[in-house]
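Q: As input, take structure-v9.tsv (TSV, C-alpha atoms):
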```tsv
chain	number	residue	atom	x	y	z
A	7	LEU	CA	-115.19	-41.57	-144.56
A	8	THR	CA	-111.44	-41.11	-144.89
A	9	VAL	CA	-108.80	-43.75	-144.21
A	10	ARG	CA	-105.27	-42.42	-144.03
A	11	ALA	CA	-101.73	-43.72	-143.53
A	12	GLU	CA	-98.76	-41.44	-142.93
A	13	ALA	CA	-95.04	-41.71	-142.29
A	14	GLU	CA	-92.77	-38.91	-141.16
A	15	ARG	CA	-89.32	-38.17	-139.82
A	16	GLN	CA	-88.94	-35.35	-137.29
A	17	LEU	CA	-85.92	-33.57	-135.88
A	18	GLN	CA	-87.03	-31.41	-132.97
A	19	GLU	CA	-84.78	-29.54	-130.58
A	20	ALA	CA	-85.05	-32.17	-127.84
A	21	TYR	CA	-85.61	-35.41	-129.77
A	22	LYS	CA	-85.74	-37.27	-133.08
A	23	ALA	CA	-88.73	-39.35	-134.16
A	24	SER	CA	-89.52	-41.81	-136.93
A	25	THR	CA	-93.30	-42.13	-136.95
A	26	GLY	CA	-95.98	-44.12	-138.73
A	27	ARG	CA	-99.67	-43.49	-138.10
A	28	ALA	CA	-102.92	-44.71	-139.59
A	29	GLY	CA	-106.63	-44.66	-138.90
A	30	PRO	CA	-110.14	-43.91	-140.18
A	31	GLU	CA	-112.10	-40.68	-139.78
A	32	VAL	CA	-115.75	-39.87	-140.44
A	33	GLN	CA	-116.72	-36.27	-141.21
A	34	TRP	CA	-120.33	-35.12	-140.93
A	35	LEU	CA	-121.26	-31.79	-142.48
A	36	ILE	CA	-124.12	-30.92	-140.14
A	37	ARG	CA	-124.60	-27.52	-141.77
A	38	SER	CA	-122.66	-25.54	-144.33
A	39	ASN	CA	-120.68	-23.91	-141.50
A	40	LEU	CA	-120.74	-26.69	-138.88
A	41	ARG	CA	-118.66	-29.88	-139.15
A	42	LEU	CA	-118.19	-32.83	-136.80
A	43	SER	CA	-115.31	-35.30	-137.18
A	44	LEU	CA	-114.94	-38.65	-135.40
A	45	GLY	CA	-111.76	-40.67	-135.78
A	46	TYR	CA	-109.32	-43.22	-134.46
A	47	THR	CA	-105.52	-43.04	-134.76
A	48	LEU	CA	-102.75	-45.54	-134.02
A	49	ASP	CA	-99.38	-43.82	-133.85
A	50	GLY	CA	-96.11	-45.70	-133.48
A	51	SER	CA	-92.95	-43.62	-132.96
A	52	TYR	CA	-89.33	-44.63	-132.53
A	53	LEU	CA	-88.03	-41.79	-130.34
A	54	GLN	CA	-84.44	-40.80	-129.60
A	55	VAL	CA	-83.44	-38.10	-127.15
A	56	LEU	CA	-80.66	-35.90	-128.53
A	57	SER	CA	-77.23	-37.06	-127.37
A	58	ALA	CA	-76.35	-33.69	-125.81
A	59	ILE	CA	-79.23	-34.07	-123.32
A	60	ASP	CA	-78.39	-35.81	-120.05
A	61	PRO	CA	-79.85	-39.38	-120.17
A	62	VAL	CA	-81.52	-38.85	-116.79
A	63	SER	CA	-83.87	-36.42	-118.56
A	64	ALA	CA	-85.05	-39.08	-121.04
A	65	PRO	CA	-88.15	-40.07	-118.99
A	66	ILE	CA	-89.56	-36.56	-119.03
A	67	VAL	CA	-88.78	-36.05	-122.72
A	68	LEU	CA	-89.81	-39.39	-124.24
A	69	GLY	CA	-91.95	-41.02	-121.56
A	70	CYS	CA	-89.57	-43.98	-121.23
A	71	ASN	CA	-86.49	-44.69	-119.11
A	72	ASP	CA	-84.07	-45.14	-122.00
A	73	PRO	CA	-82.50	-42.57	-124.36
A	74	GLU	CA	-84.38	-44.26	-127.22
A	75	CYS	CA	-87.53	-46.36	-127.32
A	76	LEU	CA	-90.65	-47.27	-129.27
A	77	ARG	CA	-93.84	-45.61	-128.00
A	78	TRP	CA	-97.41	-46.30	-129.13
A	79	VAL	CA	-100.19	-43.72	-128.95
A	80	SER	CA	-103.70	-45.08	-129.53
A	81	PHE	CA	-106.60	-42.63	-129.29
A	82	VAL	CA	-110.06	-41.72	-130.48
A	83	SER	CA	-110.79	-38.09	-131.32
A	84	GLN	CA	-113.78	-35.81	-131.77
A	85	ARG	CA	-113.59	-32.40	-133.42
A	86	LEU	CA	-116.35	-29.83	-133.81
A	87	VAL	CA	-115.68	-26.86	-136.12
A	88	TYR	CA	-117.99	-23.85	-136.52
A	89	ASP	CA	-116.80	-21.51	-139.28
A	90	ARG	CA	-118.64	-18.28	-140.08
A	91	ARG	CA	-115.64	-16.42	-141.57
A	92	ASP	CA	-116.12	-14.59	-144.84
A	93	ASN	CA	-112.74	-15.84	-146.12
A	94	PRO	CA	-110.76	-18.67	-144.46
A	95	LEU	CA	-107.42	-17.40	-145.83
A	96	GLU	CA	-107.80	-13.66	-145.19
A	97	PRO	CA	-110.82	-13.24	-142.91
A	98	LYS	CA	-112.27	-9.78	-142.32
A	99	ARG	CA	-115.60	-10.61	-140.71
A	100	GLY	CA	-117.09	-13.52	-138.84
A	101	PHE	CA	-116.39	-16.08	-136.15
A	102	PHE	CA	-114.48	-19.35	-135.95
A	103	GLY	CA	-114.63	-22.00	-133.23
A	104	ASP	CA	-112.73	-25.29	-133.04
A	105	LEU	CA	-113.06	-27.82	-130.19
A	106	GLU	CA	-110.93	-30.98	-130.34
A	107	LEU	CA	-111.00	-33.84	-127.83
A	108	GLN	CA	-108.78	-36.93	-127.56
A	109	GLU	CA	-109.06	-39.99	-125.36
A	110	GLY	CA	-105.92	-42.12	-125.42
A	111	GLY	CA	-105.02	-45.49	-123.94
A	112	GLY	CA	-107.33	-47.38	-121.59
A	113	PRO	CA	-109.15	-50.09	-123.56
A	114	LEU	CA	-107.41	-48.79	-126.70
A	115	ARG	CA	-104.06	-49.82	-125.16
A	116	GLY	CA	-100.94	-47.92	-126.18
A	117	SER	CA	-98.09	-46.53	-124.05
A	118	PHE	CA	-100.03	-43.60	-122.59
A	119	ASP	CA	-103.39	-43.17	-120.87
A	120	TYR	CA	-104.47	-39.55	-121.21
A	121	LEU	CA	-107.15	-37.04	-122.13
A	122	ARG	CA	-106.55	-33.97	-124.29
A	123	ALA	CA	-108.79	-30.97	-124.98
A	124	VAL	CA	-108.00	-27.89	-127.10
A	125	LEU	CA	-110.37	-24.98	-127.76
A	126	ASP	CA	-109.64	-22.28	-130.36
A	127	LEU	CA	-111.92	-19.23	-130.75
A	128	ARG	CA	-111.43	-16.38	-133.27
A	129	VAL	CA	-113.47	-13.30	-134.13
A	130	TYR	CA	-113.08	-10.64	-136.84
A	131	HIS	CA	-114.70	-7.30	-137.63
A	132	THR	CA	-113.88	-4.69	-140.28
A	133	TRP	CA	-114.51	-0.96	-140.54
A	134	ASP	CA	-113.55	0.39	-143.98
A	135	ASP	CA	-109.85	-0.56	-144.33
A	136	ILE	CA	-109.29	-1.54	-140.68
A	137	THR	CA	-109.82	-5.11	-139.47
A	138	LEU	CA	-109.77	-5.94	-135.77
A	139	SER	CA	-109.24	-9.61	-134.95
A	140	ALA	CA	-108.92	-11.53	-131.70
A	141	ARG	CA	-108.04	-15.10	-130.78
A	142	LEU	CA	-108.28	-17.20	-127.62
A	143	GLN	CA	-106.75	-20.66	-127.47
A	144	THR	CA	-106.64	-22.89	-124.44
A	145	GLY	CA	-105.68	-26.52	-124.05
A	146	SER	CA	-104.91	-29.13	-121.42
A	147	LEU	CA	-103.73	-32.73	-121.10
A	148	TRP	CA	-104.50	-35.07	-118.21
A	149	SER	CA	-102.62	-38.33	-117.63
A	150	SER	CA	-104.12	-41.27	-115.75
A	151	SER	CA	-101.07	-41.39	-113.48
A	152	GLY	CA	-101.52	-37.77	-112.49
A	153	GLU	CA	-97.90	-37.10	-113.45
A	154	ALA	CA	-97.14	-34.48	-116.05
A	155	ASP	CA	-94.65	-36.71	-117.88
A	156	GLY	CA	-97.36	-39.35	-118.41
A	157	THR	CA	-98.43	-37.71	-121.69
A	158	PRO	CA	-96.91	-38.31	-125.16
A	159	ILE	CA	-94.59	-35.55	-126.31
A	160	SER	CA	-96.27	-35.65	-129.73
A	161	GLN	CA	-99.52	-34.41	-128.14
A	162	ARG	CA	-98.10	-31.87	-125.69
A	163	LEU	CA	-98.69	-28.16	-126.17
A	164	PHE	CA	-96.20	-25.56	-127.35
A	165	ALA	CA	-96.37	-21.82	-127.94
A	166	GLY	CA	-94.14	-19.54	-129.97
A	167	GLY	CA	-93.65	-18.82	-133.64
A	168	ALA	CA	-95.34	-16.98	-136.48
A	169	MET	CA	-98.72	-18.66	-135.89
A	170	SER	CA	-98.67	-18.46	-132.10
A	171	MET	CA	-97.01	-16.29	-129.44
A	172	ARG	CA	-94.75	-14.13	-131.60
A	173	GLY	CA	-92.57	-12.99	-128.71
A	174	PHE	CA	-90.81	-16.39	-128.96
A	175	GLY	CA	-89.30	-18.52	-131.69
A	176	TYR	CA	-91.02	-21.64	-132.98
A	177	ARG	CA	-92.17	-23.87	-130.04
A	178	ARG	CA	-89.78	-22.06	-127.69
A	179	MET	CA	-92.40	-21.16	-125.10
A	180	SER	CA	-92.39	-24.42	-123.18
A	181	PRO	CA	-90.85	-26.12	-120.15
A	182	LEU	CA	-87.17	-26.67	-120.93
A	183	VAL	CA	-84.41	-29.21	-120.31
A	184	PRO	CA	-80.71	-28.32	-120.40
A	185	VAL	CA	-78.34	-29.34	-123.18
A	186	PHE	CA	-74.82	-29.59	-121.78
A	187	SER	CA	-71.77	-28.80	-123.87
A	188	ASN	CA	-69.51	-31.81	-124.47
A	189	THR	CA	-66.49	-29.62	-125.10
A	190	GLY	CA	-66.70	-27.58	-121.92
A	191	GLY	CA	-67.06	-23.85	-121.80
A	192	GLY	CA	-69.82	-21.90	-123.41
A	193	ASP	CA	-73.30	-21.40	-122.13
A	194	THR	CA	-75.74	-24.22	-121.42
A	195	GLU	CA	-78.56	-24.33	-123.94
A	196	TYR	CA	-82.16	-25.23	-123.12
A	197	VAL	CA	-84.59	-27.07	-125.38
A	198	PRO	CA	-88.42	-27.29	-125.20
A	199	ILE	CA	-90.22	-30.51	-124.24
A	200	GLY	CA	-93.86	-29.33	-124.31
A	201	ALA	CA	-96.44	-28.44	-121.70
A	202	ASN	CA	-99.70	-29.95	-120.50
A	203	GLY	CA	-101.49	-26.62	-120.14
A	204	LEU	CA	-101.68	-23.62	-122.45
A	205	VAL	CA	-103.53	-20.31	-122.59
A	206	LEU	CA	-102.96	-17.99	-125.57
A	207	GLY	CA	-104.59	-14.65	-126.32
A	208	VAL	CA	-103.97	-12.46	-129.38
A	209	VAL	CA	-105.42	-9.12	-130.47
A	210	GLU	CA	-104.41	-7.78	-133.87
A	211	GLY	CA	-105.33	-4.71	-135.94
A	212	ARG	CA	-104.82	-4.92	-139.71
A	213	TYR	CA	-104.71	-1.84	-141.93
A	214	ALA	CA	-105.01	-2.03	-145.73
A	215	LEU	CA	-102.94	0.77	-147.29
A	216	ASN	CA	-103.93	-0.38	-150.79
A	217	GLU	CA	-104.81	-3.62	-152.56
A	218	THR	CA	-101.25	-4.91	-152.24
A	219	ILE	CA	-99.70	-3.58	-149.03
A	220	GLY	CA	-101.03	-3.69	-145.49
A	221	LEU	CA	-99.79	-3.00	-141.98
A	222	ALA	CA	-100.60	-4.65	-138.66
A	223	THR	CA	-100.12	-4.09	-134.96
A	224	PHE	CA	-100.62	-6.86	-132.42
A	225	TYR	CA	-100.52	-7.84	-128.77
A	226	ASP	CA	-99.81	-11.47	-127.82
A	227	ALA	CA	-100.07	-13.01	-124.35
A	228	ALA	CA	-99.53	-16.64	-123.36
A	229	ASN	CA	-98.88	-18.90	-120.42
A	230	ILE	CA	-97.87	-22.56	-120.19
A	231	THR	CA	-98.06	-24.98	-117.27
A	232	GLU	CA	-96.11	-28.18	-116.67
A	233	LYS	CA	-99.24	-30.00	-115.49
A	234	SER	CA	-102.81	-29.68	-116.71
A	235	LEU	CA	-104.62	-26.38	-116.30
A	236	THR	CA	-106.96	-27.89	-113.71
A	237	SER	CA	-104.17	-29.21	-111.47
A	238	GLU	CA	-101.71	-26.34	-111.58
A	239	ARG	CA	-102.16	-22.63	-110.96
A	240	VAL	CA	-101.64	-20.51	-114.06
A	241	GLY	CA	-98.67	-18.27	-113.36
A	242	ALA	CA	-97.46	-15.01	-114.83
A	243	PHE	CA	-98.22	-14.51	-118.50
A	244	GLN	CA	-95.62	-13.63	-121.12
A	245	HIS	CA	-96.56	-10.54	-123.15
A	246	ALA	CA	-95.38	-9.18	-126.49
A	247	LEU	CA	-96.15	-6.16	-128.66
A	248	GLY	CA	-95.41	-6.01	-132.35
A	249	ILE	CA	-95.87	-4.55	-135.81
A	250	GLY	CA	-96.17	-6.29	-139.14
A	251	LEU	CA	-96.06	-5.82	-142.88
A	252	ARG	CA	-98.46	-7.61	-145.25
A	253	TRP	CA	-97.77	-8.08	-148.97
A	254	HIS	CA	-100.46	-9.55	-151.21
A	255	THR	CA	-99.02	-11.52	-154.12
A	256	PRO	CA	-100.53	-13.83	-156.79
A	257	VAL	CA	-99.35	-16.85	-154.76
A	258	GLY	CA	-100.64	-15.66	-151.40
A	259	LEU	CA	-100.09	-13.26	-148.55
A	260	PHE	CA	-96.52	-12.77	-147.34
A	261	ARG	CA	-96.24	-11.65	-143.73
A	262	LEU	CA	-93.31	-10.08	-141.88
A	263	ASP	CA	-93.80	-9.56	-138.13
A	264	PHE	CA	-91.52	-7.95	-135.55
A	265	ALA	CA	-92.35	-8.63	-131.88
A	266	ARG	CA	-90.85	-7.29	-128.66
A	267	ARG	CA	-91.40	-9.36	-125.54
A	268	LEU	CA	-92.26	-7.36	-122.43
A	269	PRO	CA	-90.67	-7.88	-119.00
A	270	GLY	CA	-92.32	-10.41	-116.70
A	271	GLY	CA	-93.07	-14.09	-116.94
A	272	THR	CA	-90.59	-16.97	-116.80
A	273	ARG	CA	-90.12	-20.49	-118.05
A	274	ARG	CA	-88.85	-23.41	-115.98
A	275	MET	CA	-85.99	-25.84	-116.37
A	276	ILE	CA	-86.91	-29.49	-115.82
A	277	VAL	CA	-84.21	-32.01	-114.92
A	278	GLY	CA	-83.81	-35.15	-112.81
A	279	PRO	CA	-84.23	-38.93	-113.05
A	280	GLN	CA	-87.86	-40.02	-113.03
A	281	ALA	CA	-88.89	-36.42	-112.38
A	282	ASN	CA	-92.27	-35.24	-113.48
A	283	LEU	CA	-92.61	-31.94	-115.27
A	284	ALA	CA	-93.64	-30.09	-112.12
A	285	GLU	CA	-90.35	-30.84	-110.37
A	286	ALA	CA	-88.44	-27.92	-111.81
A	287	THR	CA	-85.32	-26.26	-110.51
A	288	GLY	CA	-87.12	-22.94	-110.61
A	289	PRO	CA	-87.65	-20.13	-113.07
A	290	LEU	CA	-84.90	-19.19	-115.49
A	291	SER	CA	-83.80	-15.67	-116.32
A	292	GLU	CA	-85.24	-14.52	-119.62
A	293	ASP	CA	-83.03	-12.66	-122.08
A	294	ASP	CA	-84.21	-9.05	-122.10
A	295	SER	CA	-81.88	-7.88	-124.87
A	296	CYS	CA	-82.97	-7.11	-128.42
A	297	PHE	CA	-80.89	-9.35	-130.70
A	298	GLY	CA	-78.03	-9.12	-128.22
A	299	ILE	CA	-78.19	-5.34	-127.91
A	300	GLY	CA	-78.80	-3.95	-124.44
A	301	GLY	CA	-80.31	-5.98	-121.66
A	302	SER	CA	-78.94	-7.04	-118.30
A	303	ASP	CA	-76.05	-9.43	-117.72
A	304	GLY	CA	-76.28	-12.95	-116.38
A	305	ASN	CA	-79.28	-14.18	-118.37
A	306	LYS	CA	-79.40	-17.98	-118.63
A	307	LEU	CA	-81.67	-18.20	-121.67
A	308	THR	CA	-80.63	-17.14	-125.15
A	309	ASP	CA	-84.10	-16.36	-126.55
A	310	SER	CA	-83.89	-12.70	-127.51
A	311	ALA	CA	-86.74	-10.49	-126.33
A	312	CYS	CA	-87.07	-9.38	-129.97
A	313	GLN	CA	-88.24	-11.79	-132.66
A	314	ILE	CA	-88.74	-11.54	-136.44
A	315	HIS	CA	-91.11	-13.93	-138.24
A	316	LEU	CA	-91.45	-14.34	-142.01
A	317	SER	CA	-94.35	-16.52	-143.14
A	318	ILE	CA	-97.14	-17.05	-145.66
A	319	GLY	CA	-100.76	-16.36	-144.69
A	320	GLU	CA	-102.30	-14.54	-141.75
A	321	ALA	CA	-101.43	-15.61	-138.20
A	322	PHE	CA	-105.08	-16.59	-137.64
```
Using structure tokens, write down the structure from this file.
A:
Amino acid sequence: LTVRAEAERQLQEAYKASTGRAGPEVQWLIRSNLRLSLGYTLDGSYLQVLSAIDPVSAPIVLGCNDPECLRWVSFVSQRLVYDRRDNPLEPKRGFFGDLELQEGGGPLRGSFDYLRAVLDLRVYHTWDDITLSARLQTGSLWSSSGEADGTPISQRLFAGGAMSMRGFGYRRMSPLVPVFSNTGGGDTEYVPIGANGLVLGVVEGRYALNETIGLATFYDAANITEKSLTSERVGAFQHALGIGLRWHTPVGLFRLDFARRLPGGTRRMIVGPQANLAEATGPLSEDDSCFGIGGSDGNKLTDSACQIHLSIGEAF
């Protein structure tokens, strides 16, 4: 039995949050490699949409009609973890499965009534100095209202970054809202607000050159949906290819990855008073340049098709 209390301050691209959360959790070690967790969490967040975002977009960002408000998320959760990896930090053989469920609101009250499910599967196999690994992650949120903005932004799904779809920056693969310039001129920026459906697939080959240095090649594919996976057709996937360098040090594994996003796949801009996340203005043009070099003119989004990620530990 664990009882926890936490406080945090967040500054995300679309909003700021001052959050306090608390709740008990019971963990049952069914077997040495199988663990079940049952818990309850009460989360209170004072949310503020960033001032550069049009106030009419506040409902789809925060889940309230004002640019700032207090939102409560009350939910029970169940998590089942099956871990047969030979090494959790640098796995070379084995299997990992993680299923997490949340049921929020209803008799538990709170500002949102929703269900959330996320499944993460990983497999590893090694031949001599070559390790082949694969990952499949899928998740979905359902709101009782049936509207995509009826889910808390703290529980929505994002892709992008060193531990996810490496063809994008951190959390950048998501439905977007525009940030308008107050000074006039310049390009409109777009910030992520999270999705209610996610599918992520990764295949990675790791090559040990010696005990210290390793190389990797990888293929990432992902898709996000404004509504849940069961209520909205999964569209075109985003794809990325990349290479990486691994450096084993006494304090852990340092990882440098370079990814190039492939043509195809788009994200949507979401805007409008009381709009739900499915009411988008249409797909936006993705930047197909590599750090501003090459590419076609007239792109609306500034996410380069090339990304570099520096991090500690393997991606999965």
Q: Counting all atoms listed in the file, which residues of segment 220-252 of chain A fall within 10 Å of segment 178-183 of chain A, and what is the closest atom pair for each with its distance in Å at one decimal, ordered by chain and rising number, as a Markdown table?
A:
```
| residue | atom | partner | partner_atom | distance |
| --- | --- | --- | --- | --- |
| A:Ala228 | CA | A:Met179 | CA | 8.6 |
| A:Asn229 | CA | A:Met179 | CA | 8.3 |
| A:Ile230 | CA | A:Ser180 | CA | 6.5 |
| A:Thr231 | CA | A:Pro181 | CA | 7.8 |
| A:Glu232 | CA | A:Pro181 | CA | 6.6 |
| A:Gln244 | CA | A:Met179 | CA | 9.1 |
```
Q: Taking into account all atoms listed in the file, which residue in the set A:Ala58, A:Leu221, A:Leu68, A:Leu107 is nearest to Leu262 of chain A?
A: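 Looking only at the distances to Leu262 of chain A, the closest residue turns out to be A:Leu221.
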Q: Looking at only C-alpha atoms, which of A:Val208, A:Val197, A:Leu247, A:Leu125 is the one that sits closest to Gln313 of chain A?
A: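 Of the candidates, the smallest distance to Gln313 of chain A is held by A:Leu247.
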Q: Which residue is closest to Arg15 of chain A? Choose from A:Leu53, A:Arg37, A:Val67, A:Arg85 and count all atoms listed in the file.
A: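 Of all the options, A:Leu53 lies closest to Arg15 of chain A.
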Q: If I take atom CA of Asp135 of chain A and atom CA of Ala168 of chain A, how far is one from the other in Å, to one decimal?
A: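 Computing the Euclidean distance for atom CA of Asp135 of chain A and atom CA of Ala168 of chain A yields 23.3 Å.
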Q: Report the distance between atom CA of Ser57 of chain A and atom CA of Arg77 of chain A in Å, rounded to one decimal place.
A: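 Computing it gives 18.7 Å between the two atoms.
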Q: Kindly indicate which residue among A:Gly270, A:Gly220, A:Gly319, A:Gly145 lies nearest to Ala242 of chain A, using all atoms listed in the file for the distances.
A: A:Gly270
Q: For segment 205-207 of chain A, work out the shell of residues within 6 Å, counting all atoms listed in the file and skipping chain neighbours fewer than 6 positions away, then give it as a tab-separated table (two decimals) with C-alpha atoms, in the coordinates of the input.
A:
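Output file part_23.tsv follows:
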```tsv
chain	number	residue	atom	x	y	z
A	141	ARG	CA	-108.04	-15.10	-130.78
A	142	LEU	CA	-108.28	-17.20	-127.62
A	143	GLN	CA	-106.75	-20.66	-127.47
A	144	THR	CA	-106.64	-22.89	-124.44
A	226	ASP	CA	-99.81	-11.47	-127.82
A	227	ALA	CA	-100.07	-13.01	-124.35
A	228	ALA	CA	-99.53	-16.64	-123.36
A	229	ASN	CA	-98.88	-18.90	-120.42
```
Q: Would you please work out which residue, of A:Asp293, A:Asp309, A:Asp60, A:Asp126, is nearest to Leu204 of chain A when using all atoms listed in the file?
A: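 Smallest distance to Leu204 of chain A is found for A:Asp126.
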Q: Just to confirm, what's the straight-line distance from atom CA of Trp253 of chain A to atom CA of Tyr176 of chain A in Å (one decimal)?
A: 22.0 Å
Q: Any idea what's packed within 8 Å of Leu259 of chain A, counting all atoms listed in the file, ignoring anything in its chain fewer than 4 positions away? Could you give it as a ChimeraX atom specification?
A: /A:252-255,318-320
Q: List the neighbours of Glu31 of chain A out to 8 Å using only C-alpha atoms; skip same-chain residues closer than 3 positions along the sequence, and give me the result as an MDAnalysis selection string.
A: chainID A and resid 7:9 43:46
Q: Supply segment 226-234 of chain A as a PDB file, keeping the file's coordinate frame, with all heavy atoms built in where the input has gaps.
A:
```pdb
ATOM      1  N   ASP A 226     -99.724 -10.039-128.108  1.00  0.00           N
ATOM      2  CA  ASP A 226     -99.810 -11.470-127.820  1.00  0.00           C
ATOM      3  C   ASP A 226     -99.552 -11.699-126.337  1.00  0.00           C
ATOM      4  O   ASP A 226     -98.670 -11.063-125.746  1.00  0.00           O
ATOM      5  CB  ASP A 226     -98.785 -12.261-128.626  1.00  0.00           C
ATOM      6  CG  ASP A 226     -99.018 -12.200-130.133  1.00  0.00           C
ATOM      7  OD1 ASP A 226    -100.036 -11.618-130.545  1.00  0.00           O
ATOM      8  OD2 ASP A 226     -98.171 -12.735-130.880  1.00  0.00           O
ATOM      9  N   ALA A 227    -100.294 -12.610-125.738  1.00  0.00           N
ATOM     10  CA  ALA A 227    -100.070 -13.010-124.350  1.00  0.00           C
ATOM     11  C   ALA A 227    -100.266 -14.517-124.245  1.00  0.00           C
ATOM     12  O   ALA A 227    -101.175 -15.077-124.879  1.00  0.00           O
ATOM     13  CB  ALA A 227    -101.021 -12.283-123.407  1.00  0.00           C
ATOM     14  N   ALA A 228     -99.420 -15.181-123.478  1.00  0.00           N
ATOM     15  CA  ALA A 228     -99.530 -16.640-123.360  1.00  0.00           C
ATOM     16  C   ALA A 228     -98.938 -17.100-122.043  1.00  0.00           C
ATOM     17  O   ALA A 228     -98.090 -16.430-121.445  1.00  0.00           O
ATOM     18  CB  ALA A 228     -98.822 -17.328-124.526  1.00  0.00           C
ATOM     19  N   ASN A 229     -99.405 -18.266-121.609  1.00  0.00           N
ATOM     20  CA  ASN A 229     -98.880 -18.900-120.420  1.00  0.00           C
ATOM     21  C   ASN A 229     -98.922 -20.401-120.608  1.00  0.00           C
ATOM     22  O   ASN A 229     -99.857 -20.935-121.212  1.00  0.00           O
ATOM     23  CB  ASN A 229     -99.683 -18.507-119.174  1.00  0.00           C
ATOM     24  CG  ASN A 229     -99.100 -19.115-117.910  1.00  0.00           C
ATOM     25  OD1 ASN A 229     -99.554 -20.141-117.438  1.00  0.00           O
ATOM     26  ND2 ASN A 229     -98.082 -18.470-117.381  1.00  0.00           N
ATOM     27  N   ILE A 230     -97.903 -21.095-120.130  1.00  0.00           N
ATOM     28  CA  ILE A 230     -97.870 -22.560-120.190  1.00  0.00           C
ATOM     29  C   ILE A 230     -97.706 -23.103-118.776  1.00  0.00           C
ATOM     30  O   ILE A 230     -97.171 -22.447-117.889  1.00  0.00           O
ATOM     31  CB  ILE A 230     -96.736 -23.066-121.113  1.00  0.00           C
ATOM     32  CG1 ILE A 230     -95.397 -22.396-120.778  1.00  0.00           C
ATOM     33  CG2 ILE A 230     -97.080 -22.810-122.568  1.00  0.00           C
ATOM     34  CD1 ILE A 230     -94.544 -23.168-119.833  1.00  0.00           C
ATOM     35  N   THR A 231     -98.204 -24.319-118.556  1.00  0.00           N
ATOM     36  CA  THR A 231     -98.060 -24.980-117.270  1.00  0.00           C
ATOM     37  C   THR A 231     -97.523 -26.384-117.482  1.00  0.00           C
ATOM     38  O   THR A 231     -97.853 -27.043-118.475  1.00  0.00           O
ATOM     39  CB  THR A 231     -99.399 -25.055-116.508  1.00  0.00           C
ATOM     40  OG1 THR A 231    -100.342 -25.810-117.290  1.00  0.00           O
ATOM     41  CG2 THR A 231     -99.965 -23.664-116.259  1.00  0.00           C
ATOM     42  N   GLU A 232     -96.681 -26.847-116.546  1.00  0.00           N
ATOM     43  CA  GLU A 232     -96.110 -28.180-116.670  1.00  0.00           C
ATOM     44  C   GLU A 232     -97.183 -29.255-116.556  1.00  0.00           C
ATOM     45  O   GLU A 232     -97.181 -30.238-117.293  1.00  0.00           O
ATOM     46  CB  GLU A 232     -95.034 -28.411-115.597  1.00  0.00           C
ATOM     47  CG  GLU A 232     -93.750 -27.629-115.815  1.00  0.00           C
ATOM     48  CD  GLU A 232     -93.845 -26.205-115.279  1.00  0.00           C
ATOM     49  OE1 GLU A 232     -94.809 -25.891-114.567  1.00  0.00           O
ATOM     50  OE2 GLU A 232     -92.958 -25.401-115.582  1.00  0.00           O
ATOM     51  N   LYS A 233     -98.122 -29.083-115.613  1.00  0.00           N
ATOM     52  CA  LYS A 233     -99.240 -30.000-115.490  1.00  0.00           C
ATOM     53  C   LYS A 233    -100.471 -29.420-116.152  1.00  0.00           C
ATOM     54  O   LYS A 233    -100.429 -28.338-116.725  1.00  0.00           O
ATOM     55  CB  LYS A 233     -99.503 -30.299-114.005  1.00  0.00           C
ATOM     56  CG  LYS A 233     -98.470 -31.213-113.362  1.00  0.00           C
ATOM     57  CD  LYS A 233     -98.931 -31.689-111.996  1.00  0.00           C
ATOM     58  CE  LYS A 233     -97.986 -32.719-111.422  1.00  0.00           C
ATOM     59  NZ  LYS A 233     -98.458 -33.252-110.113  1.00  0.00           N
ATOM     60  N   SER A 234    -101.577 -30.140-116.071  1.00  0.00           N
ATOM     61  CA  SER A 234    -102.810 -29.680-116.710  1.00  0.00           C
ATOM     62  C   SER A 234    -103.283 -28.376-116.072  1.00  0.00           C
ATOM     63  O   SER A 234    -102.917 -28.036-114.943  1.00  0.00           O
ATOM     64  CB  SER A 234    -103.899 -30.742-116.591  1.00  0.00           C
ATOM     65  OG  SER A 234    -104.239 -30.942-115.231  1.00  0.00           O
TER      66      SER A 234
END
```
